[in-house]
>>> print(open('work_29.cif').read())   # mmCIF, C-alpha atoms
data_work
#
loop_
_atom_site.group_PDB
_atom_site.id
_atom_site.type_symbol
_atom_site.label_atom_id
_atom_site.label_comp_id
_atom_site.auth_asym_id
_atom_site.auth_seq_id
_atom_site.Cartn_x
_atom_site.Cartn_y
_atom_site.Cartn_z
ATOM 1 C CA MET A 1 -23.919 -6.624 21.606
ATOM 2 C CA SER A 2 -23.523 -4.148 24.442
ATOM 3 C CA SER A 3 -26.393 -2.896 26.547
ATOM 4 C CA ASN A 4 -26.269 -0.248 29.260
ATOM 5 C CA ASN A 5 -22.513 -0.297 28.842
ATOM 6 C CA ARG A 6 -22.482 -4.079 29.379
ATOM 7 C CA ILE A 7 -21.580 -6.761 26.850
ATOM 8 C CA THR A 8 -24.475 -9.236 26.569
ATOM 9 C CA GLY A 9 -25.487 -12.142 24.363
ATOM 10 C CA HIS A 10 -27.817 -15.166 24.206
ATOM 11 C CA TYR A 11 -26.779 -18.153 22.086
ATOM 12 C CA ILE A 12 -28.113 -21.687 21.504
ATOM 13 C CA VAL A 13 -25.647 -24.452 20.603
ATOM 14 C CA PRO A 14 -26.375 -25.719 17.036
ATOM 15 C CA PRO A 15 -25.847 -29.343 15.896
ATOM 16 C CA GLN A 16 -22.389 -28.709 14.411
ATOM 17 C CA LEU A 17 -21.040 -27.448 17.751
ATOM 18 C CA SER A 18 -22.507 -30.188 19.924
ATOM 19 C CA ASP A 19 -19.852 -32.113 21.895
ATOM 20 C CA LYS A 20 -17.292 -29.329 21.398
ATOM 21 C CA ARG A 21 -15.352 -27.671 24.211
ATOM 22 C CA LEU A 22 -17.127 -24.651 25.657
ATOM 23 C CA ASP A 23 -14.315 -22.234 24.716
ATOM 24 C CA GLN A 24 -14.264 -23.598 21.137
ATOM 25 C CA ALA A 25 -18.039 -23.339 20.754
ATOM 26 C CA ALA A 26 -18.030 -19.834 22.207
ATOM 27 C CA ALA A 27 -15.320 -18.773 19.724
ATOM 28 C CA GLU A 28 -17.493 -20.043 16.844
ATOM 29 C CA LEU A 29 -20.638 -18.360 18.172
ATOM 30 C CA MET A 30 -18.920 -15.070 19.088
ATOM 31 C CA PRO A 31 -16.127 -14.469 16.547
ATOM 32 C CA GLU A 32 -16.077 -10.770 17.379
ATOM 33 C CA HIS A 33 -14.389 -11.579 20.707
ATOM 34 C CA SER A 34 -10.866 -12.968 21.068
ATOM 35 C CA ARG A 35 -10.397 -16.468 22.470
ATOM 36 C CA SER A 36 -8.495 -15.214 25.502
ATOM 37 C CA ARG A 37 -11.298 -12.748 26.284
ATOM 38 C CA LEU A 38 -13.918 -15.523 26.037
ATOM 39 C CA GLN A 39 -11.882 -17.810 28.298
ATOM 40 C CA SER A 40 -11.610 -15.100 30.948
ATOM 41 C CA TRP A 41 -15.391 -14.581 30.813
ATOM 42 C CA ILE A 42 -15.994 -18.323 31.197
ATOM 43 C CA LYS A 43 -13.670 -18.494 34.213
ATOM 44 C CA SER A 44 -15.212 -15.418 35.847
ATOM 45 C CA GLY A 45 -18.764 -16.671 35.350
ATOM 46 C CA ALA A 46 -19.722 -13.880 32.947
ATOM 47 C CA LEU A 47 -20.367 -16.532 30.268
ATOM 48 C CA THR A 48 -22.582 -19.358 31.554
ATOM 49 C CA VAL A 49 -24.087 -22.572 30.152
ATOM 50 C CA ASN A 50 -27.739 -23.189 31.063
ATOM 51 C CA GLY A 51 -27.288 -20.703 33.906
ATOM 52 C CA THR A 52 -24.315 -22.479 35.471
ATOM 53 C CA VAL A 53 -20.604 -21.691 35.531
ATOM 54 C CA ARG A 54 -18.473 -24.156 33.567
ATOM 55 C CA LYS A 55 -14.801 -24.595 32.729
ATOM 56 C CA PRO A 56 -13.422 -23.675 29.293
ATOM 57 C CA ARG A 57 -12.691 -27.328 28.459
ATOM 58 C CA ASP A 58 -16.150 -28.639 29.484
ATOM 59 C CA LYS A 59 -18.218 -30.013 26.587
ATOM 60 C CA VAL A 60 -21.439 -28.376 25.401
ATOM 61 C CA MET A 61 -24.400 -30.255 23.922
ATOM 62 C CA LEU A 62 -27.078 -29.509 21.326
ATOM 63 C CA ASP A 63 -29.520 -26.768 22.444
ATOM 64 C CA ASP A 64 -27.403 -25.747 25.458
ATOM 65 C CA VAL A 65 -27.954 -22.053 26.186
ATOM 66 C CA LEU A 66 -24.948 -19.759 26.478
ATOM 67 C CA ASP A 67 -25.597 -16.441 28.198
ATOM 68 C CA LEU A 68 -23.080 -13.620 28.269
ATOM 69 C CA ASP A 69 -23.291 -10.685 30.667
ATOM 70 C CA ALA A 70 -19.920 -9.029 31.059
ATOM 71 C CA GLU A 71 -18.781 -5.634 32.175
ATOM 72 C CA PRO A 72 -16.292 -3.933 29.848
ATOM 73 C CA GLU A 73 -12.900 -3.827 31.531
ATOM 74 C CA VAL A 74 -11.024 -0.561 31.523
ATOM 75 C CA GLN A 75 -7.922 -1.418 29.509
ATOM 76 C CA VAL A 76 -6.118 1.904 29.717
ATOM 77 C CA THR A 77 -5.349 4.348 32.504
ATOM 78 C CA TRP A 78 -4.334 7.392 30.461
ATOM 79 C CA GLU A 79 -6.067 10.749 30.690
ATOM 80 C CA ALA A 80 -8.455 12.216 28.123
ATOM 81 C CA GLU A 81 -7.253 15.486 26.605
ATOM 82 C CA PRO A 82 -9.103 17.898 24.288
ATOM 83 C CA ILE A 83 -6.719 17.549 21.335
ATOM 84 C CA SER A 84 -8.285 18.157 17.924
ATOM 85 C CA LEU A 85 -8.443 15.266 15.463
ATOM 86 C CA ASP A 86 -8.656 15.374 11.665
ATOM 87 C CA ILE A 87 -11.430 12.781 11.272
ATOM 88 C CA VAL A 88 -11.817 11.212 7.825
ATOM 89 C CA TYR A 89 -14.607 8.753 8.738
ATOM 90 C CA GLU A 90 -16.373 7.529 11.855
ATOM 91 C CA ASP A 91 -19.225 5.277 12.911
ATOM 92 C CA GLU A 92 -19.944 3.173 16.001
ATOM 93 C CA HIS A 93 -17.176 0.683 15.099
ATOM 94 C CA LEU A 94 -14.456 2.666 13.338
ATOM 95 C CA LEU A 95 -12.609 5.943 13.588
ATOM 96 C CA VAL A 96 -10.374 6.830 10.633
ATOM 97 C CA ILE A 97 -8.078 9.798 11.161
ATOM 98 C CA ASN A 98 -5.453 11.763 9.281
ATOM 99 C CA LYS A 99 -2.542 11.954 11.738
ATOM 100 C CA PRO A 100 -0.267 14.989 11.446
ATOM 101 C CA ALA A 101 3.501 14.625 11.605
ATOM 102 C CA GLY A 102 4.757 15.279 15.133
ATOM 103 C CA LEU A 103 1.868 13.589 16.951
ATOM 104 C CA VAL A 104 2.931 10.596 19.073
ATOM 105 C CA VAL A 105 0.451 7.709 18.896
ATOM 106 C CA HIS A 106 0.919 6.111 22.345
ATOM 107 C CA PRO A 107 1.870 7.558 25.729
ATOM 108 C CA ALA A 108 5.343 6.343 26.690
ATOM 109 C CA ALA A 109 8.437 7.487 28.537
ATOM 110 C CA GLY A 110 9.014 11.074 27.504
ATOM 111 C CA HIS A 111 5.506 11.387 26.025
ATOM 112 C CA ALA A 112 3.100 10.868 28.918
ATOM 113 C CA ASP A 113 0.450 13.126 27.417
ATOM 114 C CA GLY A 114 -0.400 15.088 24.285
ATOM 115 C CA THR A 115 -0.663 11.863 22.272
ATOM 116 C CA LEU A 116 -3.217 10.427 19.869
ATOM 117 C CA VAL A 117 -4.465 8.100 22.626
ATOM 118 C CA ASN A 118 -5.180 11.077 24.908
ATOM 119 C CA ALA A 119 -7.138 12.690 22.059
ATOM 120 C CA LEU A 120 -9.081 9.463 21.378
ATOM 121 C CA LEU A 121 -10.105 9.093 25.024
ATOM 122 C CA ASN A 122 -11.584 12.580 24.827
ATOM 123 C CA HIS A 123 -13.375 12.092 21.490
ATOM 124 C CA ALA A 124 -14.497 8.464 21.970
ATOM 125 C CA PRO A 125 -14.350 7.566 25.701
ATOM 126 C CA GLU A 126 -15.507 3.983 25.000
ATOM 127 C CA VAL A 127 -12.040 3.097 23.654
ATOM 128 C CA GLU A 128 -10.832 2.868 27.276
ATOM 129 C CA ASN A 129 -12.474 -0.588 27.291
ATOM 130 C CA LEU A 130 -10.368 -1.808 24.372
ATOM 131 C CA PRO A 131 -6.777 -3.084 24.315
ATOM 132 C CA ARG A 132 -4.351 -0.232 23.567
ATOM 133 C CA ALA A 133 -7.326 2.165 23.409
ATOM 134 C CA GLY A 134 -8.447 0.660 20.092
ATOM 135 C CA ILE A 135 -5.179 1.251 18.260
ATOM 136 C CA VAL A 136 -4.365 -1.782 16.095
ATOM 137 C CA HIS A 137 -1.534 -0.323 13.997
ATOM 138 C CA ARG A 138 0.601 2.736 14.446
ATOM 139 C CA LEU A 139 2.455 5.412 12.557
ATOM 140 C CA ASP A 140 5.785 6.785 13.754
ATOM 141 C CA LYS A 141 5.648 10.189 15.445
ATOM 142 C CA ASP A 142 6.976 11.994 12.366
ATOM 143 C CA THR A 143 5.060 9.992 9.763
ATOM 144 C CA SER A 144 1.833 11.638 8.632
ATOM 145 C CA GLY A 145 -1.303 10.107 7.211
ATOM 146 C CA ILE A 146 -4.230 7.751 7.552
ATOM 147 C CA MET A 147 -4.869 5.453 10.519
ATOM 148 C CA VAL A 148 -7.828 3.374 11.649
ATOM 149 C CA VAL A 149 -8.852 2.968 15.294
ATOM 150 C CA ALA A 150 -11.347 0.418 16.657
ATOM 151 C CA ARG A 151 -14.297 1.766 18.657
ATOM 152 C CA SER A 152 -15.858 -1.616 19.516
ATOM 153 C CA LEU A 153 -14.764 -5.122 20.495
ATOM 154 C CA ILE A 154 -16.118 -6.433 17.179
ATOM 155 C CA ALA A 155 -13.998 -3.925 15.278
ATOM 156 C CA HIS A 156 -10.876 -4.573 17.353
ATOM 157 C CA THR A 157 -11.016 -8.329 16.744
ATOM 158 C CA SER A 158 -11.733 -7.865 13.024
ATOM 159 C CA LEU A 159 -9.017 -5.265 12.397
ATOM 160 C CA VAL A 160 -6.351 -7.293 14.225
ATOM 161 C CA ASP A 161 -7.338 -10.303 12.087
ATOM 162 C CA GLN A 162 -7.200 -8.257 8.860
ATOM 163 C CA LEU A 163 -3.724 -7.031 9.755
ATOM 164 C CA GLN A 164 -2.511 -10.534 10.594
ATOM 165 C CA THR A 165 -3.947 -12.053 7.393
ATOM 166 C CA ARG A 166 -2.640 -9.084 5.354
ATOM 167 C CA THR A 167 -6.072 -8.279 3.918
ATOM 168 C CA MET A 168 -5.871 -4.667 5.086
ATOM 169 C CA GLY A 169 -4.359 -2.567 2.311
ATOM 170 C CA ARG A 170 -1.952 0.242 3.236
ATOM 171 C CA GLU A 171 -0.259 2.492 0.697
ATOM 172 C CA TYR A 172 2.352 5.124 1.480
ATOM 173 C CA GLU A 173 4.168 7.841 -0.403
ATOM 174 C CA ALA A 174 7.784 8.745 0.258
ATOM 175 C CA VAL A 175 10.598 10.855 -1.141
ATOM 176 C CA VAL A 176 13.933 9.043 -1.227
ATOM 177 C CA VAL A 177 17.544 9.995 -1.894
ATOM 178 C CA GLY A 178 18.798 8.945 -5.324
ATOM 179 C CA SER A 179 17.220 8.794 -8.786
ATOM 180 C CA LEU A 180 15.594 5.362 -9.099
ATOM 181 C CA THR A 181 15.200 3.756 -12.511
ATOM 182 C CA GLY A 182 12.204 1.559 -11.690
ATOM 183 C CA GLY A 183 10.063 -0.033 -9.022
ATOM 184 C CA ALA A 184 10.967 -3.210 -7.143
ATOM 185 C CA THR A 185 10.181 -5.401 -4.156
ATOM 186 C CA VAL A 186 12.299 -5.520 -1.010
ATOM 187 C CA ASP A 187 11.951 -8.875 0.747
ATOM 188 C CA ALA A 188 14.245 -8.727 3.774
ATOM 189 C CA PRO A 189 13.633 -9.694 7.441
ATOM 190 C CA ILE A 190 13.579 -6.892 10.011
ATOM 191 C CA GLY A 191 14.588 -7.036 13.670
ATOM 192 C CA ARG A 192 16.325 -4.944 16.325
ATOM 193 C CA HIS A 193 19.606 -3.378 15.254
ATOM 194 C CA PRO A 194 22.412 -5.458 16.832
ATOM 195 C CA GLN A 195 24.250 -2.374 18.169
ATOM 196 C CA ASP A 196 21.498 0.239 18.583
ATOM 197 C CA ARG A 197 18.362 -1.096 20.306
ATOM 198 C CA LYS A 198 16.372 2.027 19.430
ATOM 199 C CA ARG A 199 16.685 1.285 15.726
ATOM 200 C CA MET A 200 15.573 -1.559 13.495
ATOM 201 C CA ALA A 201 17.659 -3.210 10.776
ATOM 202 C CA VAL A 202 17.628 -5.950 8.168
ATOM 203 C CA VAL A 203 18.897 -8.964 10.138
ATOM 204 C CA SER A 204 18.754 -12.678 9.316
ATOM 205 C CA SER A 205 17.011 -13.428 12.629
ATOM 206 C CA GLY A 206 14.317 -10.784 12.024
ATOM 207 C CA LYS A 207 10.649 -11.220 11.143
ATOM 208 C CA PRO A 208 9.664 -11.535 7.462
ATOM 209 C CA ALA A 209 9.018 -8.161 5.825
ATOM 210 C CA VAL A 210 8.014 -7.320 2.252
ATOM 211 C CA THR A 211 7.743 -3.823 0.737
ATOM 212 C CA HIS A 212 6.713 -3.139 -2.873
ATOM 213 C CA TYR A 213 7.588 0.259 -4.304
ATOM 214 C CA ARG A 214 6.975 1.973 -7.627
ATOM 215 C CA LEU A 215 8.031 5.301 -9.095
ATOM 216 C CA LEU A 216 5.694 8.286 -9.071
ATOM 217 C CA GLU A 217 8.168 10.968 -10.198
ATOM 218 C CA ARG A 218 11.942 11.171 -10.740
ATOM 219 C CA PHE A 219 13.989 14.264 -10.021
ATOM 220 C CA ALA A 220 17.660 15.081 -10.545
ATOM 221 C CA ALA A 221 18.891 13.144 -7.510
ATOM 222 C CA HIS A 222 15.711 12.130 -5.648
ATOM 223 C CA THR A 223 12.591 10.071 -6.353
ATOM 224 C CA HIS A 224 8.958 10.296 -5.259
ATOM 225 C CA ILE A 225 7.713 6.721 -4.722
ATOM 226 C CA GLN A 226 4.617 4.817 -3.670
ATOM 227 C CA CYS A 227 5.050 1.904 -1.237
ATOM 228 C CA LYS A 228 2.710 -0.974 -0.484
ATOM 229 C CA LEU A 229 3.274 -3.148 2.586
ATOM 230 C CA GLU A 230 2.711 -6.872 2.800
ATOM 231 C CA SER A 231 3.771 -6.840 6.456
ATOM 232 C CA GLY A 232 3.794 -4.199 9.154
ATOM 233 C CA ARG A 233 7.167 -4.198 10.880
ATOM 234 C CA THR A 234 8.393 -1.249 12.943
ATOM 235 C CA HIS A 235 10.024 1.379 10.657
ATOM 236 C CA GLN A 236 9.603 -1.042 7.727
ATOM 237 C CA ILE A 237 9.692 1.383 4.774
ATOM 238 C CA ARG A 238 12.471 3.441 6.371
ATOM 239 C CA VAL A 239 14.622 0.347 7.009
ATOM 240 C CA HIS A 240 13.963 -1.280 3.638
ATOM 241 C CA MET A 241 14.683 1.833 1.568
ATOM 242 C CA THR A 242 17.894 2.426 3.550
ATOM 243 C CA HIS A 243 18.802 -1.231 2.936
ATOM 244 C CA VAL A 244 18.616 -0.670 -0.841
ATOM 245 C CA ARG A 245 20.688 2.549 -0.427
ATOM 246 C CA HIS A 246 17.824 4.966 -1.028
ATOM 247 C CA PRO A 247 16.990 6.315 2.452
ATOM 248 C CA LEU A 248 14.065 8.653 2.984
ATOM 249 C CA VAL A 249 14.752 12.370 2.778
ATOM 250 C CA GLY A 250 15.012 13.886 6.253
ATOM 251 C CA ASP A 251 15.070 10.560 8.117
ATOM 252 C CA PRO A 252 16.871 11.331 11.406
ATOM 253 C CA ALA A 253 17.452 7.680 12.337
ATOM 254 C CA TYR A 254 18.259 6.003 9.028
ATOM 255 C CA GLY A 255 19.093 8.769 6.551
ATOM 256 C CA GLY A 256 22.598 9.654 7.673
ATOM 257 C CA ARG A 257 23.994 13.132 7.069
ATOM 258 C CA LEU A 258 22.412 15.426 4.492
ATOM 259 C CA ARG A 259 23.835 14.606 1.047
ATOM 260 C CA LEU A 260 23.606 17.319 -1.580
ATOM 261 C CA PRO A 261 23.969 16.297 -5.239
ATOM 262 C CA LYS A 262 26.089 18.222 -7.722
ATOM 263 C CA GLY A 263 24.447 21.359 -9.007
ATOM 264 C CA THR A 264 22.266 21.828 -5.927
ATOM 265 C CA THR A 265 20.973 25.379 -5.801
ATOM 266 C CA GLU A 266 20.883 27.374 -2.571
ATOM 267 C CA GLU A 267 17.081 27.224 -2.704
ATOM 268 C CA LEU A 268 17.061 23.410 -2.868
ATOM 269 C CA ARG A 269 19.781 23.143 -0.206
ATOM 270 C CA GLN A 270 17.600 25.157 2.165
ATOM 271 C CA ALA A 271 14.509 23.084 1.325
ATOM 272 C CA LEU A 272 16.335 19.797 2.021
ATOM 273 C CA ALA A 273 18.011 21.092 5.196
ATOM 274 C CA ALA A 274 14.673 22.390 6.530
ATOM 275 C CA PHE A 275 12.891 19.059 6.014
ATOM 276 C CA SER A 276 13.670 17.546 9.386
ATOM 277 C CA ARG A 277 11.370 14.492 9.447
ATOM 278 C CA GLN A 278 11.260 11.361 7.323
ATOM 279 C CA ALA A 279 9.422 12.171 4.062
ATOM 280 C CA LEU A 280 6.782 9.486 4.575
ATOM 281 C CA HIS A 281 2.988 9.741 4.377
ATOM 282 C CA ALA A 282 0.327 7.039 4.774
ATOM 283 C CA ARG A 283 -1.798 7.908 1.738
ATOM 284 C CA ARG A 284 -4.449 5.211 1.404
ATOM 285 C CA LEU A 285 -6.166 2.602 3.596
ATOM 286 C CA THR A 286 -8.484 -0.206 2.454
ATOM 287 C CA LEU A 287 -10.288 -2.614 4.780
ATOM 288 C CA GLU A 288 -13.408 -4.707 5.296
ATOM 289 C CA HIS A 289 -15.958 -3.095 7.594
ATOM 290 C CA PRO A 290 -16.123 -5.238 10.769
ATOM 291 C CA ALA A 291 -19.940 -5.216 10.951
ATOM 292 C CA THR A 292 -21.142 -4.969 7.334
ATOM 293 C CA GLY A 293 -18.328 -6.758 5.494
ATOM 294 C CA GLU A 294 -18.274 -3.914 2.957
ATOM 295 C CA THR A 295 -14.892 -3.006 1.459
ATOM 296 C CA LEU A 296 -14.065 0.592 2.359
ATOM 297 C CA SER A 297 -11.200 2.755 1.165
ATOM 298 C CA TRP A 298 -9.984 6.215 2.154
ATOM 299 C CA GLU A 299 -7.249 8.471 0.855
ATOM 300 C CA VAL A 300 -5.701 11.594 2.381
ATOM 301 C CA PRO A 301 -3.602 14.113 0.424
ATOM 302 C CA LEU A 302 0.070 14.803 1.024
ATOM 303 C CA PRO A 303 0.712 17.341 3.805
ATOM 304 C CA ASP A 304 1.994 20.795 2.884
ATOM 305 C CA ASP A 305 5.602 20.132 3.879
ATOM 306 C CA MET A 306 5.900 17.172 1.464
ATOM 307 C CA VAL A 307 4.091 19.078 -1.297
ATOM 308 C CA GLN A 308 6.595 21.941 -0.909
ATOM 309 C CA LEU A 309 9.550 19.529 -0.848
ATOM 310 C CA ILE A 310 8.401 17.843 -4.064
ATOM 311 C CA GLU A 311 7.837 21.210 -5.728
ATOM 312 C CA ALA A 312 11.394 22.318 -4.788
ATOM 313 C CA LEU A 313 12.830 19.086 -6.255
ATOM 314 C CA ARG A 314 10.700 19.465 -9.400
ATOM 315 C CA LYS A 315 11.812 23.075 -9.882
ATOM 316 C CA HIS A 316 15.466 22.121 -9.475
ATOM 317 C CA ALA A 317 15.117 19.291 -12.001
ATOM 318 C CA ARG A 318 13.550 21.696 -14.532
ATOM 319 C CA GLU A 319 16.334 24.229 -14.008
ATOM 320 C CA LEU A 320 18.982 21.552 -14.634
ATOM 321 C CA GLU A 321 17.201 20.406 -17.816
ATOM 322 C CA ASN A 322 17.018 23.954 -19.149
ATOM 323 C CA SER A 323 20.673 24.632 -18.337
ATOM 324 C CA ASP A 324 21.702 21.718 -20.601
ATOM 325 C CA PHE A 325 20.598 23.562 -23.732
#
>>> encode(input="work_29.cif", output="structure tokens")
Amino acid sequence: MSSNNRITGHYIVPPQLSDKRLDQAAAELMPEHSRSRLQSWIKSGALTVNGTVRKPRDKVMLDDVLDLDAEPEVQVTWEAEPISLDIVYEDEHLLVINKPAGLVVHPAAGHADGTLVNALLNHAPEVENLPRAGIVHRLDKDTSGIMVVARSLIAHTSLVDQLQTRTMGREYEAVVVGSLTGGATVDAPIGRHPQDRKRMAVVSSGKPAVTHYRLLERFAAHTHIQCKLESGRTHQIRVHMTHVRHPLVGDPAYGGRLRLPKGTTEELRQALAAFSRQALHARRLTLEHPATGETLSWEVPLPDDMVQLIEALRKHARELENSDF
């Protein structure tokens, strides 16, 4: 728990933890905190045993008293900015937002301000005490949709664990080039592109990556699909769909030049040429609440630009069907 902006706790060693190392016992008693964080508190004297400072490897005994009194460390040095957020859900542990396309998640070279992190520091200043300002997963600048941010240490530890154990469910919608005949699974490792370090690629030395996709709607030469991730690699859906020769519409890094199918009307040509971001939206998020254990799920609708793109493709497909008779 935190009190007066301090992190405090009082724990008594139970029989099953007697004769264990202090850092191991602390990890069992305080699972909401990471092991590295607990070890730093032990070394600094913020976490004591019977009122005395011990080393992480020292043994604890039955009924030893562990007291924690730590000051939250400022983890970020970025500035708060009054940027509006589309908040889907919030409580003391979680903040779920609908990120618009065009919003950068983290300050970096070329994007020192005006990012989601700057907005979070303004809306929920306590995230400055969390690693990466509470952000546990990210969406690319031009990908829209749902994201969860941790507002507490308990939440941060839990969400990182859920991501690592793949128990957090994330579903996306995308529009890809080509008329797919059915859904499939892409199981191909992803790593840095051997020639272009700014891009990712399917490479044998990459990290395992699995994407499941299924059809939502077929058009004349494009397909609206739903994707479910088993892993969370950088640019995963974009790389995997390009790998199977169905890149996302509008993808500036992986889509290549604009390809117009036969029979493309001027109206559709303009709609495709004007769509200048990858047609990718994080639609649904499911997770276990860090404090209550309850399974929660949220869904956000497609943004207007993708709705209009799909409508243009649908209209074109209808026109082609009618012209056949």
>>> resolve_selection(input="work_29.cif", expression="the PyMOL selection byres ((chain A and resi 21) around 6)", output="MDAnalysis selection string")
chainID A and resid 20 22:24 57:59
>>> resolve_selection(input="work_29.cif", expression="the PyMOL selection byres ((chain A and resi 210) around 10)", output="ChimeraX atom specification")
/A:185-190,208-209,211-212,228-233,236-237,240
>>> atom_distance(input="work_29.cif", atom1="CA of Gly183 in chain A", atom2="CA of Arg218 in chain A")
11.5 Å
>>> resolve_selection(input="work_29.cif", expression="the PyMOL selection byres ((chain A and resi 226) around 9)", output="PyMOL selection string")
chain A and resi 171-175+212-216+224-225+227-228+283
>>> closest_residue(input="work_29.cif", among="A:Ala220, A:Ala150, A:Ala80, A:Met61", to="Pro125 in chain A", atoms="all atoms listed in the file")
A:Ala80
>>> closest_residue(input="work_29.cif", among="A:Arg199, A:His137, A:Arg170, A:Arg314", to="Ala282 in chain A", atoms="all atoms listed in the file")
A:Arg170
>>> residues_around(input="work_29.cif", residues="Ser205 in chain A", least_positions_apart="2", cutoff="7 Å", atoms="only C-alpha atoms", output="mmCIF file with C-alpha atoms, in the coordinates of the input")
data_model
loop_
_atom_site.group_PDB
_atom_site.id
_atom_site.type_symbol
_atom_site.label_atom_id
_atom_site.label_comp_id
_atom_site.auth_asym_id
_atom_site.auth_seq_id
_atom_site.Cartn_x
_atom_site.Cartn_y
_atom_site.Cartn_z
ATOM 1 C CA GLY A 191 14.588 -7.036 13.670
ATOM 2 C CA VAL A 203 18.897 -8.964 10.138
ATOM 3 C CA LYS A 207 10.649 -11.220 11.143
#
>>> residues_around(input="work_29.cif", residues="Ser34 in chain A", least_positions_apart="5", cutoff="9 Å", atoms="only C-alpha atoms", output="VMD selection string")
chain A and resid 27 39 153 157
>>> axis_aligned_box(input="work_29.cif", around="range 244-263 of chain A", padding_each_side="5 Å", output="JSON")
{"center_x": 20.1, "center_y": 10.3, "center_z": 1.7, "size_x": 22.0, "size_y": 32.0, "size_z": 31.3}
>>> atom_distance(input="work_29.cif", atom1="CA of Ala221 in chain A", atom2="CA of Thr234 in chain A")
27.1 Å
>>> closest_residue(input="work_29.cif", among="A:Arg37, A:Val249, A:Leu62, A:Glu79", to="Ala274 in chain A", atoms="only C-alpha atoms")
A:Val249
>>> residues_near_point(input="work_29.cif", point="(1.8, 8.0, 16.2)", cutoff="7 Å", atoms="all atoms listed in the file", output="list in words")
Leu103, Val104, Val105, His106, Leu116, Arg138, Leu139, Asp140 and Lys141 of chain A
>>> residues_near_point(input="work_29.cif", point="(16.4, 6.3, -10.6)", cutoff="8 Å", atoms="all atoms listed in the file", output="JSON, numbers by chain")
{"A": [178, 179, 180, 181, 182, 218, 221, 222, 223]}
>>> atom_distance(input="work_29.cif", atom1="CA of Leu95 in chain A", atom2="CA of Gly110 in chain A")
26.2 Å
>>> closest_residue(input="work_29.cif", among="A:Asn98, A:Ser276, A:Gln164, A:Ser297", to="Leu309 in chain A", atoms="only C-alpha atoms")
A:Ser276
>>> residues_around(input="work_29.cif", residues="Leu159 in chain A", least_positions_apart="5", cutoff="12 Å", atoms="only C-alpha atoms", output="VMD selection string")
chain A and resid 32 to 34 93 to 95 134 to 137 147 to 154 164 to 169 286 to 291 293
>>> closest_residue(input="work_29.cif", among="A:Gly45, A:Gly145, A:Pro131, A:Gly9", to="Pro303 in chain A", atoms="all atoms listed in the file")
A:Gly145
>>> decode(input="work_29.cif", residues="range 102-120 of chain A", atoms="C-alpha atoms", output="short mmCIF file (atom, residue, chain, number, x, y, z; two decimals), in the first residue's frame")
data_model
loop_
_atom_site.label_atom_id
_atom_site.label_comp_id
_atom_site.auth_asym_id
_atom_site.auth_seq_id
_atom_site.Cartn_x
_atom_site.Cartn_y
_atom_site.Cartn_z
CA GLY A 102 -0.97 10.32 -35.16
CA LEU A 103 -0.28 10.39 -31.42
CA VAL A 104 3.22 9.21 -30.47
CA VAL A 105 3.26 7.09 -27.31
CA HIS A 106 6.75 7.87 -25.93
CA PRO A 107 8.95 10.96 -26.13
CA ALA A 108 11.96 10.22 -28.33
CA ALA A 109 14.27 11.91 -30.80
CA GLY A 110 12.08 14.05 -33.00
CA HIS A 111 9.11 13.77 -30.61
CA ALA A 112 10.24 15.37 -27.35
CA ASP A 113 6.75 16.52 -26.44
CA GLY A 114 3.12 16.26 -27.53
CA THR A 115 3.11 12.52 -26.77
CA LEU A 116 0.81 10.20 -24.85
CA VAL A 117 3.29 10.17 -21.95
CA ASN A 118 3.13 13.98 -21.68
CA ALA A 119 -0.68 13.73 -21.58
CA LEU A 120 -0.57 10.98 -18.93
#
